[in-house]
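Source file: start-v1.txt; contents: compact mmCIF, C-alpha atoms.
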# COMPACT_ATOMS: atom_id res chain seq x y z
CA MET A 1 36.11 -5.63 1.07
CA THR A 2 35.66 -8.06 -1.75
CA ALA A 3 34.34 -7.32 -5.19
CA LEU A 4 31.20 -9.25 -4.28
CA ALA A 5 30.37 -6.87 -1.46
CA LEU A 6 30.87 -3.88 -3.76
CA ALA A 7 28.65 -5.20 -6.54
CA ALA A 8 25.20 -3.63 -6.57
CA SER A 9 22.40 -5.89 -5.38
CA PRO A 10 19.57 -6.69 -7.83
CA ILE A 11 17.26 -4.33 -5.90
CA ASP A 12 19.84 -1.55 -6.17
CA ARG A 13 20.16 -2.09 -9.92
CA ILE A 14 16.37 -1.99 -10.36
CA ARG A 15 16.19 1.14 -8.21
CA GLN A 16 18.84 2.82 -10.35
CA ALA A 17 17.10 1.89 -13.60
CA ALA A 18 13.58 2.89 -12.48
CA PRO A 19 13.65 4.86 -9.21
CA GLN A 20 10.06 6.11 -9.37
CA LEU A 21 8.54 2.70 -10.20
CA THR A 22 10.62 1.03 -7.47
CA ALA A 23 9.47 3.62 -4.92
CA ILE A 24 5.77 3.31 -5.76
CA THR A 25 6.06 -0.50 -5.62
CA ALA A 26 7.49 -0.30 -2.09
CA ILE A 27 4.82 2.21 -1.06
CA LEU A 28 2.00 0.01 -2.39
CA ILE A 29 3.31 -3.03 -0.49
CA LEU A 30 3.96 -1.20 2.80
CA ALA A 31 0.63 0.66 2.67
CA SER A 32 -1.22 -2.65 2.47
CA ALA A 33 -0.26 -3.32 6.13
CA PRO A 34 -3.03 -1.15 7.66
CA ILE A 35 -5.46 -2.54 5.06
CA LEU A 36 -4.70 -6.11 6.20
CA VAL A 37 -5.36 -5.12 9.81
CA ALA A 38 -8.52 -3.23 8.80
CA MET A 39 -9.69 -6.43 7.08
CA ALA A 40 -9.17 -8.30 10.37
CA ILE A 41 -11.17 -5.84 12.49
CA ASP A 42 -13.82 -4.41 10.13
CA PRO A 43 -16.97 -6.57 10.01
CA ARG A 44 -18.46 -4.68 7.03
CA GLU A 45 -18.97 -6.55 3.75
CA PHE A 46 -19.52 -5.44 0.15
CA GLN A 47 -21.16 -7.91 -2.24
CA GLY A 48 -20.52 -10.74 0.23
CA GLU A 49 -16.78 -10.15 0.78
CA SER A 50 -14.81 -8.09 3.28
CA ILE A 51 -14.97 -4.48 2.24
CA TRP A 52 -11.14 -4.36 2.41
CA LEU A 53 -10.51 -7.26 0.02
CA LYS A 54 -10.72 -5.05 -3.05
CA PRO A 55 -8.26 -2.36 -1.82
CA LEU A 56 -5.90 -5.20 -0.84
CA LYS A 57 -6.21 -6.82 -4.29
CA PHE A 58 -5.49 -3.49 -6.00
CA HIS A 59 -2.43 -2.82 -3.83
CA ILE A 60 -1.07 -6.27 -4.69
CA ALA A 61 -1.97 -6.12 -8.40
CA LEU A 62 -0.59 -2.62 -8.90
CA ALA A 63 2.59 -3.50 -6.98
CA ILE A 64 3.09 -6.50 -9.30
CA TYR A 65 2.50 -4.21 -12.30
CA THR A 66 4.86 -1.37 -11.28
CA GLY A 67 7.39 -3.83 -9.84
CA SER A 68 7.45 -5.81 -13.10
CA LEU A 69 7.93 -2.65 -15.16
CA ALA A 70 10.79 -1.60 -12.86
CA PHE A 71 12.35 -5.05 -13.24
CA TYR A 72 11.96 -4.95 -17.04
CA ALA A 73 13.74 -1.58 -17.08
CA LEU A 74 16.94 -3.59 -16.42
CA ALA A 75 16.70 -4.85 -20.04
CA LEU A 76 16.61 -1.30 -21.44
CA PRO A 77 19.75 0.66 -22.35
CA GLN A 78 21.22 2.24 -19.23
CA ALA A 79 19.39 5.34 -17.90
CA ARG A 80 16.80 5.05 -20.69
CA LEU A 81 13.93 5.89 -18.28
CA LEU A 82 15.86 8.68 -16.56
CA THR A 83 15.54 11.40 -19.20
CA ARG A 84 13.52 14.45 -18.21
CA ASN A 85 10.46 13.53 -20.32
CA TRP A 86 10.40 9.93 -19.13
CA ARG A 87 10.68 11.06 -15.51
CA ILE A 88 7.74 13.45 -15.94
CA TYR A 89 5.68 10.76 -17.65
CA GLN A 90 6.44 8.18 -14.94
CA GLY A 91 5.52 10.83 -12.35
CA VAL A 92 2.10 11.17 -14.01
CA VAL A 93 1.68 7.37 -14.00
CA VAL A 94 2.65 7.19 -10.32
CA ALA A 95 0.10 9.94 -9.57
CA ALA A 96 -2.58 7.92 -11.41
CA VAL A 97 -1.68 4.81 -9.37
CA VAL A 98 -1.84 6.78 -6.10
CA GLY A 99 -5.15 8.36 -7.13
CA GLU A 100 -6.66 4.95 -7.89
CA VAL A 101 -5.65 3.32 -4.60
CA ILE A 102 -6.65 6.36 -2.51
CA TRP A 103 -10.12 6.37 -4.02
CA ILE A 104 -10.53 2.58 -3.86
CA GLY A 105 -9.40 2.59 -0.21
CA GLY A 106 -11.45 5.69 0.56
CA ALA A 107 -14.58 4.16 -0.97
CA ALA A 108 -14.05 1.05 1.18
CA ALA A 109 -13.68 3.21 4.31
CA LEU A 110 -16.93 4.98 3.38
CA GLY A 111 -18.58 1.60 2.79
CA THR A 112 -19.45 2.36 -0.83
CA GLY A 113 -18.46 1.01 -4.26
CA SER A 114 -15.45 2.50 -6.06
CA HIS A 115 -15.93 1.15 -9.58
CA PHE A 116 -19.41 1.57 -11.10
CA ASN A 117 -20.08 4.31 -8.52
CA LEU A 118 -22.05 6.97 -10.36
CA THR A 119 -23.24 8.96 -7.32
CA VAL A 120 -20.56 11.65 -7.79
CA PRO A 121 -20.72 12.95 -11.39
CA GLY A 122 -17.45 12.58 -13.29
CA LEU A 123 -15.76 10.45 -10.64
CA TYR A 124 -16.07 7.13 -12.44
CA GLY A 125 -14.85 8.76 -15.66
CA LEU A 126 -11.86 10.13 -13.79
CA MET A 127 -11.04 6.61 -12.55
CA GLY A 128 -11.09 5.47 -16.17
CA VAL A 129 -8.66 8.23 -17.18
CA ALA A 130 -6.33 7.24 -14.32
CA ALA A 131 -6.60 3.54 -15.26
CA VAL A 132 -5.75 4.15 -18.92
CA THR A 133 -2.92 6.50 -17.89
CA LEU A 134 -1.29 3.91 -15.67
CA THR A 135 -1.78 1.12 -18.23
CA SER A 136 -0.25 3.30 -20.99
CA LEU A 137 3.18 2.86 -19.42
CA SER A 138 3.17 -0.79 -20.52
CA LEU A 139 2.55 0.37 -24.11
CA ALA A 140 5.24 3.06 -23.92
CA MET A 141 7.82 0.63 -22.52
CA GLY A 142 6.68 -2.02 -25.01
CA VAL A 143 7.40 0.38 -27.87
CA LEU A 144 10.88 1.07 -26.42
CA PHE A 145 11.61 -2.67 -26.41
CA TRP A 146 10.20 -3.00 -29.95
CA LYS A 147 12.60 -0.31 -31.21
CA THR A 148 15.61 -1.96 -29.55
CA ARG A 149 14.55 -5.58 -30.12
CA ALA A 150 18.13 -6.83 -30.33
CA THR A 151 17.38 -10.11 -28.59
CA THR A 152 14.51 -12.59 -28.35
CA LEU A 153 13.91 -11.35 -24.80
CA HIS A 154 13.38 -7.81 -26.11
CA LEU A 155 10.86 -9.14 -28.64
CA GLY A 156 9.00 -11.04 -25.91
CA LEU A 157 8.93 -8.01 -23.62
CA ALA A 158 7.76 -5.78 -26.50
CA LEU A 159 4.91 -8.07 -27.54
CA GLY A 160 3.86 -8.85 -23.96
CA LEU A 161 3.77 -5.23 -22.86
CA ILE A 162 1.97 -3.98 -25.98
CA LEU A 163 -0.58 -6.82 -25.67
CA THR A 164 -1.13 -5.94 -22.00
CA PHE A 165 -2.11 -2.42 -23.01
CA VAL A 166 -4.24 -3.28 -26.05
CA LEU A 167 -6.10 -6.25 -24.51
CA THR A 168 -6.62 -4.53 -21.15
CA VAL A 169 -8.00 -1.35 -22.68
CA VAL A 170 -10.42 -3.33 -24.89
CA ILE A 171 -11.59 -5.69 -22.12
CA ALA A 172 -11.58 -3.29 -19.16
CA GLY A 173 -13.15 -0.62 -21.38
CA THR A 174 -16.00 -3.00 -22.27
CA MET A 175 -16.37 -3.99 -18.63
CA SER A 176 -16.52 -0.39 -17.38
CA SER A 177 -19.09 0.64 -19.98
CA GLY A 178 -21.53 -1.95 -18.59
CA SER A 179 -23.17 -1.94 -15.20
CA GLY A 180 -20.83 -4.35 -13.39
CA HIS A 181 -18.27 -7.11 -13.89
CA HIS A 182 -20.86 -9.90 -14.07
CA ILE A 183 -22.80 -10.85 -17.21
CA GLY A 184 -25.94 -12.38 -15.78
CA THR A 185 -27.40 -12.43 -12.27
CA ALA A 186 -25.53 -14.51 -9.68
CA VAL A 187 -27.86 -16.31 -7.28
CA THR A 188 -25.77 -18.59 -5.05
CA GLY A 189 -22.62 -16.41 -5.14
CA ALA A 190 -20.35 -19.40 -5.89
CA ARG A 191 -16.82 -18.15 -6.61
CA VAL A 192 -13.38 -19.34 -7.61
CA PRO A 193 -11.23 -19.31 -4.43
CA VAL A 194 -8.80 -16.37 -3.95
CA MET A 195 -9.64 -14.71 -7.27
CA GLY A 196 -13.34 -14.38 -6.47
CA TRP A 197 -14.53 -14.97 -10.04
CA SER A 198 -18.13 -16.12 -10.40
CA ARG A 199 -18.78 -19.81 -11.05
CA GLU A 200 -22.37 -19.20 -12.14
CA VAL A 201 -22.38 -16.31 -14.60
CA GLY A 202 -19.97 -14.60 -17.00
CA ASP A 203 -17.25 -12.68 -15.14
CA LEU A 204 -15.31 -10.18 -17.26
CA ARG A 205 -12.56 -9.96 -14.63
CA VAL A 206 -11.10 -13.29 -15.81
CA ALA A 207 -10.28 -11.83 -19.23
CA HIS A 208 -9.08 -8.59 -17.62
CA PHE A 209 -6.69 -10.67 -15.48
CA LEU A 210 -5.34 -12.58 -18.49
CA ALA A 211 -5.05 -9.41 -20.59
CA THR A 212 -3.06 -7.61 -17.92
CA HIS A 213 -0.72 -10.57 -17.41
CA ALA A 214 0.26 -10.80 -21.09
CA MET A 215 3.34 -8.84 -19.99
CA HIS A 216 4.35 -11.83 -17.84
CA ALA A 217 3.26 -14.75 -20.02
CA VAL A 218 4.70 -13.71 -23.40
CA PRO A 219 8.22 -12.79 -22.16
CA LEU A 220 8.41 -16.26 -20.53
CA ALA A 221 8.30 -17.76 -24.03
CA ALA A 222 11.42 -15.76 -24.84
CA LEU A 223 13.31 -18.01 -22.43
CA THR A 224 13.19 -20.68 -25.17
CA GLY A 225 15.42 -18.36 -27.22
CA SER A 226 13.22 -18.84 -30.27
CA ARG A 227 11.58 -15.84 -31.96
CA PRO A 228 8.86 -17.95 -33.67
CA ALA A 229 7.98 -19.40 -30.23
CA VAL A 230 7.51 -15.85 -28.90
CA TRP A 231 5.27 -14.89 -31.82
CA ALA A 232 3.27 -18.11 -31.46
CA THR A 233 2.84 -17.60 -27.71
CA ALA A 234 1.66 -14.03 -28.27
CA ALA A 235 -0.88 -15.24 -30.84
CA VAL A 236 -2.18 -18.16 -28.75
CA TYR A 237 -2.33 -16.04 -25.60
CA THR A 238 -4.30 -13.34 -27.42
CA ALA A 239 -6.72 -15.92 -28.82
CA LEU A 240 -7.16 -17.52 -25.40
CA THR A 241 -7.80 -14.17 -23.72
CA LEU A 242 -10.31 -13.10 -26.37
CA GLY A 243 -11.99 -16.52 -26.24
CA ILE A 244 -12.45 -16.31 -22.46
CA PHE A 245 -13.65 -12.72 -22.92
CA ALA A 246 -16.27 -13.91 -25.45
CA GLN A 247 -17.31 -16.76 -23.12
CA ALA A 248 -17.92 -14.28 -20.29
CA LEU A 249 -19.81 -11.91 -22.62
CA MET A 250 -22.12 -14.85 -23.41
CA GLY A 251 -22.84 -15.10 -19.67
CA LEU A 252 -20.88 -18.33 -19.10
CA PRO A 253 -18.54 -18.84 -16.12
CA LEU A 254 -14.90 -19.88 -16.70
CA ILE A 255 -15.33 -23.14 -14.74
CA MET B 256 -10.48 -9.29 15.66
CA THR B 257 -12.61 -7.16 17.97
CA PRO B 258 -11.59 -3.75 19.36
CA ASP B 259 -11.47 -5.42 22.78
CA ALA B 260 -8.93 -8.01 21.63
CA LEU B 261 -6.80 -5.29 20.03
CA PHE B 262 -6.98 -3.28 23.26
CA GLN B 263 -5.74 -6.30 25.25
CA LEU B 264 -2.70 -6.53 22.93
CA SER B 265 -1.88 -2.84 22.86
CA GLY B 266 -1.26 -2.38 26.59
CA PRO B 267 1.54 -4.96 26.97
CA LEU B 268 3.07 -3.74 23.68
CA ALA B 269 3.31 -0.16 24.95
CA LEU B 270 4.58 -1.35 28.36
CA PHE B 271 7.36 -3.23 26.61
CA GLY B 272 8.43 0.03 24.98
CA TRP B 273 8.44 1.87 28.31
CA GLY B 274 10.45 -0.95 29.84
CA ALA B 275 12.99 -0.59 27.05
CA LEU B 276 13.29 3.13 27.82
CA VAL B 277 13.78 2.56 31.56
CA LEU B 278 16.49 -0.01 30.78
CA SER B 279 17.96 2.07 27.93
CA PRO B 280 21.44 2.48 29.54
CA LEU B 281 21.94 -1.23 28.75
CA SER B 282 21.50 -0.63 25.01
CA PRO B 283 20.63 2.94 24.00
CA LEU B 284 20.48 1.96 20.32
CA TRP B 285 17.96 -0.86 20.78
CA ALA B 286 15.90 1.06 23.33
CA ASP B 287 15.54 3.83 20.76
CA ARG B 288 14.71 1.43 17.92
CA VAL B 289 12.05 -0.33 19.99
CA ALA B 290 10.47 2.72 21.64
CA ALA B 291 10.85 5.34 18.91
CA LEU B 292 10.32 3.19 15.83
CA ILE B 293 9.10 -0.39 16.02
CA ILE B 294 6.33 -0.09 18.64
CA PRO B 295 5.03 3.32 17.45
CA ILE B 296 4.85 1.94 13.89
CA LEU B 297 2.92 -1.16 15.03
CA LEU B 298 0.54 1.06 16.99
CA SER B 299 0.22 3.40 14.00
CA VAL B 300 -0.68 0.53 11.67
CA ALA B 301 -3.42 -0.56 14.09
CA TYR B 302 -4.57 3.06 14.51
CA THR B 303 -4.78 3.59 10.73
CA ALA B 304 -6.71 0.35 10.31
CA LEU B 305 -9.19 1.41 13.01
CA VAL B 306 -9.75 4.78 11.36
CA LEU B 307 -10.24 3.08 7.98
CA ALA B 308 -12.69 0.64 9.53
CA TYR B 309 -14.68 2.86 11.92
CA TRP B 310 -14.32 6.54 11.04
CA ALA B 311 -17.02 6.68 8.36
CA GLY B 312 -20.48 6.91 9.85
CA THR B 313 -19.22 7.63 13.38
CA PRO B 314 -21.29 10.26 15.20
CA GLY B 315 -19.46 13.32 16.47
CA GLY B 316 -16.79 15.68 15.13
CA PHE B 317 -14.28 18.33 16.18
CA GLY B 318 -16.58 21.35 16.35
CA SER B 319 -17.47 21.24 20.04
CA LEU B 320 -16.55 19.37 23.17
CA ALA B 321 -19.85 17.52 22.95
CA GLU B 322 -18.99 16.38 19.40
CA VAL B 323 -15.52 15.21 20.43
CA MET B 324 -17.07 13.28 23.34
CA ALA B 325 -19.56 11.73 20.92
CA LEU B 326 -16.66 10.42 18.80
CA PHE B 327 -15.48 8.36 21.75
CA THR B 328 -18.82 6.59 22.11
CA THR B 329 -17.86 4.28 19.19
CA PRO B 330 -15.57 1.52 20.59
CA GLY B 331 -13.40 1.34 17.43
CA VAL B 332 -12.83 5.09 17.39
CA ALA B 333 -12.25 5.25 21.16
CA LEU B 334 -9.63 2.50 20.79
CA ALA B 335 -8.00 4.48 17.95
CA GLY B 336 -7.79 7.45 20.32
CA TRP B 337 -6.24 5.23 22.99
CA LEU B 338 -3.62 3.84 20.56
CA HIS B 339 -2.88 7.44 19.58
CA TYR B 340 -2.03 8.21 23.24
CA LEU B 341 0.05 5.04 23.58
CA ALA B 342 2.04 5.65 20.39
CA PHE B 343 2.74 9.34 20.83
CA ASP B 344 3.37 9.23 24.60
CA LEU B 345 5.95 6.52 23.96
CA LEU B 346 7.56 8.66 21.25
CA VAL B 347 7.79 11.56 23.71
CA GLY B 348 9.30 9.16 26.26
CA ALA B 349 11.89 8.05 23.67
CA TRP B 350 12.66 11.68 22.88
CA ILE B 351 13.13 12.47 26.60
CA THR B 352 15.48 9.49 27.00
CA LYS B 353 17.53 10.44 23.95
CA THR B 354 17.69 14.14 24.79
CA ALA B 355 18.67 13.44 28.40
CA ARG B 356 21.50 11.20 27.20
CA SER B 357 22.82 13.68 24.63
CA GLU B 358 22.67 16.59 27.11
CA GLY B 359 24.39 14.68 29.89
CA ILE B 360 21.31 14.55 32.14
CA SER B 361 21.53 11.54 34.44
CA HIS B 362 19.17 8.71 33.54
CA ALA B 363 18.09 8.77 37.21
CA PHE B 364 16.58 12.21 36.52
CA ALA B 365 14.99 11.09 33.27
CA ILE B 366 13.16 8.16 34.86
CA PRO B 367 10.70 10.27 36.95
CA CYS B 368 9.91 12.26 33.78
CA LEU B 369 9.32 8.95 31.94
CA ILE B 370 6.96 7.71 34.66
CA LEU B 371 5.03 10.96 34.56
CA THR B 372 4.84 10.84 30.74
CA PHE B 373 3.66 7.24 30.88
CA LEU B 374 0.83 8.16 33.29
CA PHE B 375 -0.04 11.71 32.23
CA GLY B 376 1.74 12.36 28.87
CA PRO B 377 1.99 16.16 28.67
CA ALA B 378 2.73 16.51 32.40
CA GLY B 379 5.89 14.41 31.95
CA PHE B 380 6.87 16.41 28.87
CA LEU B 381 6.45 19.58 30.96
CA ALA B 382 8.45 18.13 33.86
CA PHE B 383 11.36 17.28 31.55
CA HIS B 384 11.39 20.83 30.14
CA ILE B 385 11.33 22.26 33.67
CA LEU B 386 14.29 20.01 34.48
CA ARG B 387 16.20 21.21 31.39
CA ALA B 388 15.37 24.85 32.15
CA SER B 389 16.62 24.53 35.71
CA ARG B 390 19.89 23.02 34.45
CA ALA B 391 20.31 25.84 31.95
CA LEU B 392 19.76 28.41 34.70
CA THR B 393 22.18 26.82 37.14
CA ALA B 394 24.79 26.43 34.38
CA LYS B 395 24.90 30.23 34.06
CA VAL B 396 25.86 30.69 37.71
CA PRO B 397 29.67 31.23 37.90
CA ALA B 398 31.41 28.52 39.79
Let's see the structure in the file written out as structure tokens.
Amino acid sequence: MTALALAASPIDRIRQAAPQLTAITAILILASAPILVAMAIDPREFQGESIWLKPLKFHIALAIYTGSLAFYALALPQARLLTRNWRIYQGVVVAAVVGEVIWIGGAAALGTGSHFNLTVPGLYGLMGVAAVTLTSLSLAMGVLFWKTRATTLHLGLALGLILTFVLTVVIAGTMSSGSGHHIGTAVTGARVPVMGWSREVGDLRVAHFLATHAMHAVPLAALTGSRPAVWATAAVYTALTLGIFAQALMGLPLI
Amino acid sequence: MTPDALFQLSGPLALFGWGALVLSPLSPLWADRVAALIIPILLSVAYTALVLAYWAGTPGGFGSLAEVMALFTTPGVALAGWLHYLAFDLLVGAWITKTARSEGISHAFAIPCLILTFLFGPAGFLAFHILRASRALTAKVPA
């Protein structure tokens, strides 16, 4: 056996650094298989799209989120996420993720809305609690990177993760307190391909998307190796996200 | 994809698994992988998708025979029930094949049990247990 064969693979290293996040990422991806098939056989639609598109989107988006956090754990000091308290906290976050996808999938199976569904008292509020709980992990990991910001990469990860939490809570919180993700009444139903954002009226999901991906955009700037570039990217990205948020609030489509 | 199209695919898929079991002496490892893992998982994915798609709003239930029969009046749910038979009968067939091999029962004796399980699931399971019981009894007879 050579040393190469003995060296841990990247997946193994991620799994060691963040076993719970790696496991939930795998579960989210594998559990999307029956959803894909359901999408192929179920003729039911919700707001003009297959009823299974939303559960599929949430499985993909949450897998990207938990998978990214697991990957970022490689940049933390060894075993930093493996202490008892961190394990309990990540367990709570995983439970919130599972709760969200079970309800979103269950609502699709029942042919009803998951978000903005006020027929069962307290349910929509509970979804909000779960959503904030799962998003809080980006803040908590961001703070860890901020404390140990030895390198430019740590700074980028810290700013990106903290921005993901702050911007997402502000934008998604505003969105959930309204009556739906559109500002205005769509008539033709014209949408941006794949993402499904409205091309007629304001769609708050665009800003939600940008807010949540701050954790990917800002750390990329760290690859320049320049701390001012990271700070500038964080500032521009925040301004862009808030600008697009304001545009949607005014009832204007992105494009 | 319609339930009918899915039905057309499921039969040959299950038959492939049974074929692997009949030919298992050629490659016990692959026969087991195909019949006890790969095909049951494919059938389970399709089953789960059908339940997600058709369970809500289906008439019927589990409270009485009439309710259970009503469940099978919805094509999507009836197909789910059919895939359930295909998946779990094949798993029982794989278990029979594996158990026969590990207990030294000739594959020639396992094959009739497999055919019976393929056609009438529980009857084949029963036949294999009768076969094992008879072996256990005869083993106690002093030579």
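With distances restricted to all atoms listed in the file, A:Pro43 is the closest residue to chain B from A:Pro43, A:Gly99, A:Gly189, A:Gly184.
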Give me, as number ranges by chain, the contact residues of chain B against chain A at a cut-off of 6 Å, counting all atoms listed in the file. B: 256-257, 300, 303-304, 307-308, 311
Can you tell me how far atom CA of Pro253 of chain A sits from atom CA of Ile171 of chain A, in Å to one decimal? 16.0 Å
Please report the interatomic distance between atom CA of His181 of chain A and atom CA of Ile24 of chain A in Å with one decimal. 27.4 Å
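Using all atoms listed in the file, the shortest contact distance between Ile183 of chain A and any of A:Val201, A:Val98, A:Leu76, A:Leu53 is found at A:Val201.
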Can you pull out the residues contacting Gly142 of chain A? Cut-off 7 Å, using all atoms listed in the file, and skip same-chain residues under 5 positions away; I want them as a PyMOL selection string. chain A and resi 157-159+161-162
For atom CA of Ala211 of chain A and atom CA of Ile11 of chain A, quote the distance in Å rounded to one decimal. 27.2 Å
Nearest-residue call for Leu210 of chain A, choices A:Val192, A:Leu163, A:Val97, A:Leu82, using only C-alpha atoms: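 Going through A:Val192, A:Leu163, A:Val97, A:Leu82 one by one, the smallest distance to Leu210 of chain A is for A:Leu163.
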